[in-house]
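The data block below is final-v5.txt; it holds compact mmCIF, C-alpha atoms and all ligand atoms.
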# COMPACT_ATOMS: atom_id res chain seq x y z
CA MET G 1 -93.68 48.35 -8.19
CA SER G 2 -90.93 45.81 -8.72
CA GLN G 3 -89.85 43.81 -5.69
CA THR G 4 -86.65 42.66 -7.40
CA GLN G 5 -83.59 42.89 -5.14
CA THR G 6 -80.28 43.40 -6.91
CA THR G 7 -77.62 42.93 -4.27
CA GLU G 8 -74.15 42.98 -5.82
CA GLU G 9 -70.70 42.13 -4.52
CA VAL G 10 -67.47 43.97 -5.28
CA LEU G 11 -63.85 43.02 -4.67
CA VAL G 12 -61.87 45.74 -2.92
CA LEU G 13 -58.16 45.51 -2.21
CA VAL G 14 -56.44 47.74 0.30
CA LYS G 15 -53.13 47.87 -1.56
CA PRO G 16 -49.71 47.61 0.16
CA ASP G 17 -49.39 51.39 0.61
CA GLY G 18 -52.81 51.51 2.25
CA VAL G 19 -51.92 48.69 4.64
CA ALA G 20 -48.46 50.13 5.42
CA ARG G 21 -49.91 53.58 6.09
CA GLY G 22 -52.56 52.28 8.48
CA LEU G 23 -55.54 53.00 6.23
CA ILE G 24 -57.27 49.59 6.39
CA GLY G 25 -59.82 50.80 8.91
CA GLN G 26 -60.55 54.05 7.10
CA VAL G 27 -61.17 52.27 3.77
CA ILE G 28 -63.42 49.61 5.25
CA GLY G 29 -64.97 52.14 7.60
CA ARG G 30 -66.08 54.35 4.72
CA ALA G 31 -67.88 51.40 3.15
CA GLU G 32 -69.45 50.41 6.45
CA ALA G 33 -70.47 54.01 7.12
CA ARG G 34 -72.51 53.92 3.90
CA GLY G 35 -74.18 50.70 4.99
CA TYR G 36 -72.37 48.18 2.81
CA GLN G 37 -71.71 44.78 4.35
CA VAL G 38 -68.31 43.09 4.59
CA THR G 39 -68.85 39.48 3.48
CA ARG G 40 -65.20 38.33 3.06
CA LEU G 41 -61.99 39.73 4.55
CA GLU G 42 -58.38 38.52 4.48
CA LEU G 43 -54.88 39.93 4.98
CA ARG G 44 -52.57 38.24 2.52
CA ARG G 45 -49.62 38.60 0.17
CA ALA G 46 -50.24 38.79 -3.55
CA THR G 47 -48.03 36.54 -5.69
CA PRO G 48 -47.01 37.43 -9.26
CA GLU G 49 -49.17 34.49 -10.45
CA LEU G 50 -52.25 35.77 -8.63
CA LEU G 51 -51.64 39.30 -9.93
CA ALA G 52 -51.32 38.06 -13.52
CA ALA G 53 -54.82 36.63 -13.19
CA HIS G 54 -56.23 39.63 -11.33
CA TYR G 55 -54.69 42.18 -13.73
CA ALA G 56 -55.04 40.03 -16.89
CA GLU G 57 -56.10 43.08 -18.93
CA HIS G 58 -52.88 44.90 -17.97
CA VAL G 59 -50.14 42.24 -18.19
CA ASN G 60 -48.74 43.62 -21.44
CA LYS G 61 -48.92 47.30 -20.47
CA PRO G 62 -45.68 49.24 -19.92
CA PHE G 63 -46.61 49.96 -16.29
CA TYR G 64 -47.22 46.29 -15.44
CA PRO G 65 -43.75 45.44 -14.01
CA GLY G 66 -43.98 48.45 -11.70
CA LEU G 67 -47.52 47.45 -10.75
CA VAL G 68 -46.37 43.96 -9.73
CA GLU G 69 -43.49 45.43 -7.72
CA TYR G 70 -45.95 47.73 -5.96
CA MET G 71 -48.56 45.05 -5.31
CA THR G 72 -45.99 42.59 -3.92
CA SER G 73 -44.22 45.17 -1.75
CA GLY G 74 -46.24 44.18 1.32
CA PRO G 75 -49.48 42.56 2.42
CA VAL G 76 -52.83 43.57 1.00
CA VAL G 77 -56.28 43.28 2.51
CA ALA G 78 -58.84 41.64 0.24
CA VAL G 79 -62.41 42.57 1.05
CA VAL G 80 -65.74 41.66 -0.50
CA LEU G 81 -68.49 44.24 0.04
CA ALA G 82 -72.15 43.57 -0.62
CA GLY G 83 -75.11 45.83 -1.31
CA ALA G 84 -77.26 47.21 -4.10
CA GLN G 85 -75.09 49.01 -6.69
CA VAL G 86 -72.00 48.64 -4.50
CA ILE G 87 -69.74 48.27 -7.57
CA THR G 88 -70.60 51.72 -8.92
CA ALA G 89 -70.74 53.21 -5.44
CA PHE G 90 -67.33 51.96 -4.38
CA ARG G 91 -65.70 52.97 -7.69
CA THR G 92 -67.05 56.48 -7.05
CA MET G 93 -65.72 56.36 -3.48
CA ALA G 94 -62.27 55.20 -4.72
CA GLY G 95 -61.90 58.10 -7.17
CA ALA G 96 -59.75 58.47 -10.26
CA THR G 97 -56.82 56.07 -10.77
CA ASP G 98 -54.22 58.84 -10.41
CA PRO G 99 -54.48 60.31 -6.89
CA ILE G 100 -53.53 63.74 -8.27
CA LYS G 101 -56.68 63.68 -10.41
CA ALA G 102 -58.90 62.03 -7.79
CA ALA G 103 -61.47 64.38 -6.30
CA PRO G 104 -61.29 65.38 -2.65
CA GLY G 105 -63.73 63.24 -0.71
CA THR G 106 -62.65 60.09 -2.53
CA ILE G 107 -60.30 57.56 -0.94
CA ARG G 108 -57.56 58.23 -3.48
CA GLY G 109 -58.19 62.00 -3.39
CA ASP G 110 -58.12 62.16 0.40
CA PHE G 111 -55.27 59.75 1.17
CA GLY G 112 -53.16 59.56 -2.01
CA ARG G 113 -50.44 61.77 -3.43
CA ASP G 114 -47.54 61.80 -5.91
CA TRP G 115 -44.53 60.42 -4.03
CA GLY G 116 -42.12 61.76 -6.67
CA ASP G 117 -40.89 58.43 -8.04
CA GLY G 118 -43.07 58.22 -11.16
CA GLU G 119 -45.14 55.34 -9.77
CA ILE G 120 -48.88 55.50 -9.09
CA ARG G 121 -49.70 54.31 -5.59
CA ASN G 122 -53.39 54.70 -5.04
CA ILE G 123 -54.35 52.80 -1.88
CA VAL G 124 -57.26 50.75 -3.23
CA HIS G 125 -58.41 48.50 -6.02
CA ALA G 126 -62.10 48.11 -6.80
CA SER G 127 -63.79 45.93 -9.42
CA ASP G 128 -65.21 48.02 -12.27
CA SER G 129 -68.18 45.89 -13.46
CA PRO G 130 -70.30 42.92 -12.38
CA GLU G 131 -68.24 40.70 -14.70
CA SER G 132 -64.94 41.94 -13.22
CA ALA G 133 -66.30 41.56 -9.70
CA ALA G 134 -67.33 37.93 -10.23
CA ARG G 135 -63.98 37.13 -11.87
CA GLU G 136 -61.90 38.89 -9.21
CA ILE G 137 -63.81 37.46 -6.23
CA ALA G 138 -63.24 33.96 -7.64
CA ILE G 139 -59.50 34.70 -7.89
CA TRP G 140 -59.09 36.07 -4.35
CA PHE G 141 -61.65 33.87 -2.57
CA PRO G 142 -61.73 30.58 -4.52
N1 LIG L 201 -51.47 51.82 -13.02
C1 LIG L 201 -50.22 52.40 -13.07
N2 LIG L 201 -49.94 53.27 -14.09
C2 LIG L 201 -50.86 53.58 -15.04
C3 LIG L 201 -52.12 52.98 -15.00
C4 LIG L 201 -52.40 52.11 -13.97
O1 LIG L 201 -49.38 52.15 -12.20
O2 LIG L 201 -50.55 54.37 -15.94
C5 LIG L 201 -51.79 50.89 -11.93
C6 LIG L 201 -52.58 51.54 -10.80
O3 LIG L 201 -52.17 50.93 -9.57
C7 LIG L 201 -54.00 51.16 -11.14
C8 LIG L 201 -53.81 49.76 -11.69
O4 LIG L 201 -52.60 49.82 -12.42
O5 LIG L 201 -54.83 51.20 -9.99
C9 LIG L 201 -54.92 49.28 -12.61
O6 LIG L 201 -55.13 50.23 -13.62
P1 LIG L 201 -56.60 50.65 -14.06
O7 LIG L 201 -56.48 51.49 -15.27
O8 LIG L 201 -57.46 49.42 -14.16
O9 LIG L 201 -57.08 51.58 -12.85
P2 LIG L 201 -58.13 51.37 -11.67
O10 LIG L 201 -59.23 50.47 -12.20
O11 LIG L 201 -57.37 50.75 -10.52
O12 LIG L 201 -58.60 52.75 -11.32
MG MG L 202 -59.16 48.71 -13.27

Would you write the structure of this file as structure tokens?
Ligand code: UDP
Ligand code: MG
Amino acid sequence: MSQTQTTEEVLVLVKPDGVARGLIGQVIGRAEARGYQVTRLELRRATPELLAAHYAEHVNKPFYPGLVEYMTSGPVVAVVLAGAQVITAFRTMAGATDPIKAAPGTIRGDFGRDWGDGEIRNIVHASDSPESAAREIAIWFP
């Protein structure tokens, strides 16, 4: 039997709506309840420059200006979680991007909604691959 240990890290952001609505503890608590370890944690404000790096794949999308407005509307909490397969696990816990499509039991499905203004506000960001996680952790925790 292999003894290889494959601990991963994932970058999670509690987005401005999550911070403003008092959901920091519930987001981090869900990860802790599953046994994942918090290895970095910081409350901070995202700048447009930082977001352009973080969301490099989206900078030319039509929703990007609204995304920057959303992500700079208040402080965010940047968290690094560690554990085997935590990237896949936390993406599953976050749920679908659109809270209306996110399954009950997920963070977005339990805490998100359509606020009637055409903007997606979905409480959390989570890295979607080991490559994204390494890139995003280096951006938020250089
Ligand atoms: N987003 C948006 N409108 C869209 C698609 C995405 O406002 O049509 C925002 C939303 O906040 C999302 C983020 O852009 O979380 C990044 O989009 P992505 O498709 O990578 O979704 P995620 O990985 O966050 O589920
Ligand atoms: Mg994404």

Margin query: If the limit is 9 Å from any atom of ligand MG 202 (chain L), counting all atoms listed in the file, which residues qualify? Return them as a list in words.
Written below: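 What falls inside 9 Å of ligand MG 202 (chain L) is Tyr55, Glu57, His58, Thr97, His125, Ala126, Ser127, Asp128 and Ser132 of chain G.
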
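Using all atoms listed in the file, the protein and nucleic acid residues lying no more than 10 Å from region 101-113 of chain G, apart from those fewer than 5 places from it along its own chain, are Asp17, Gly18, Arg21, Leu23, Gln26, Val27, Arg30, Phe90, Arg91, Thr92, Met93, Ala94, Gly95, Ala96, Ile120, Arg121, Asn122, Ile123 and Val124 of chain G.
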
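Distance check against Arg45 (chain G) using only C-alpha atoms: of G:Asn60, G:Val86, G:Ser73, G:Gly25, the minimum falls on G:Ser73.
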
Notebook entry, point to check: Which distance in Å separates CA of Val10 (chain G) and CA of Leu41 (chain G), to one decimal?
Noted result: 12.0 Å

Checklist line | Two-atom distance - CA of Gln85 (chain G), CA of Val68 (chain G) (Å) | finding: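 Between CA of Gln85 (chain G) and CA of Val68 (chain G) the gap works out to 29.3 Å.
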
Check: In terms of the shortest atom-to-atom distance over only C-alpha atoms, which of G:Ala84, G:Leu51, G:Ala31, G:Val38 is closest to Tyr70 (chain G)?
Finding: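 With only C-alpha atoms as the atom set, the closest residue is G:Leu51.
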
Checklist line | Among the residues G:Phe141, G:Phe63, G:Trp115, G:Tyr36, the one that comes closest to ligand LIG 201 (chain L) [using all atoms listed in the file] | finding: G:Phe63

Next item on the list: Enter the distance from atom C9 of ligand LIG 201 (chain L) to CA of Ile137 (chain G), in Å, rounded to one decimal.
Entry: 16.1 Å

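Of the residues under consideration (G:Pro99, G:Gly22, G:Gly35, G:Gly83), G:Pro99 shows the shortest atom-to-atom contact distance to ligand LIG 201 (chain L) when counting all atoms listed in the file.
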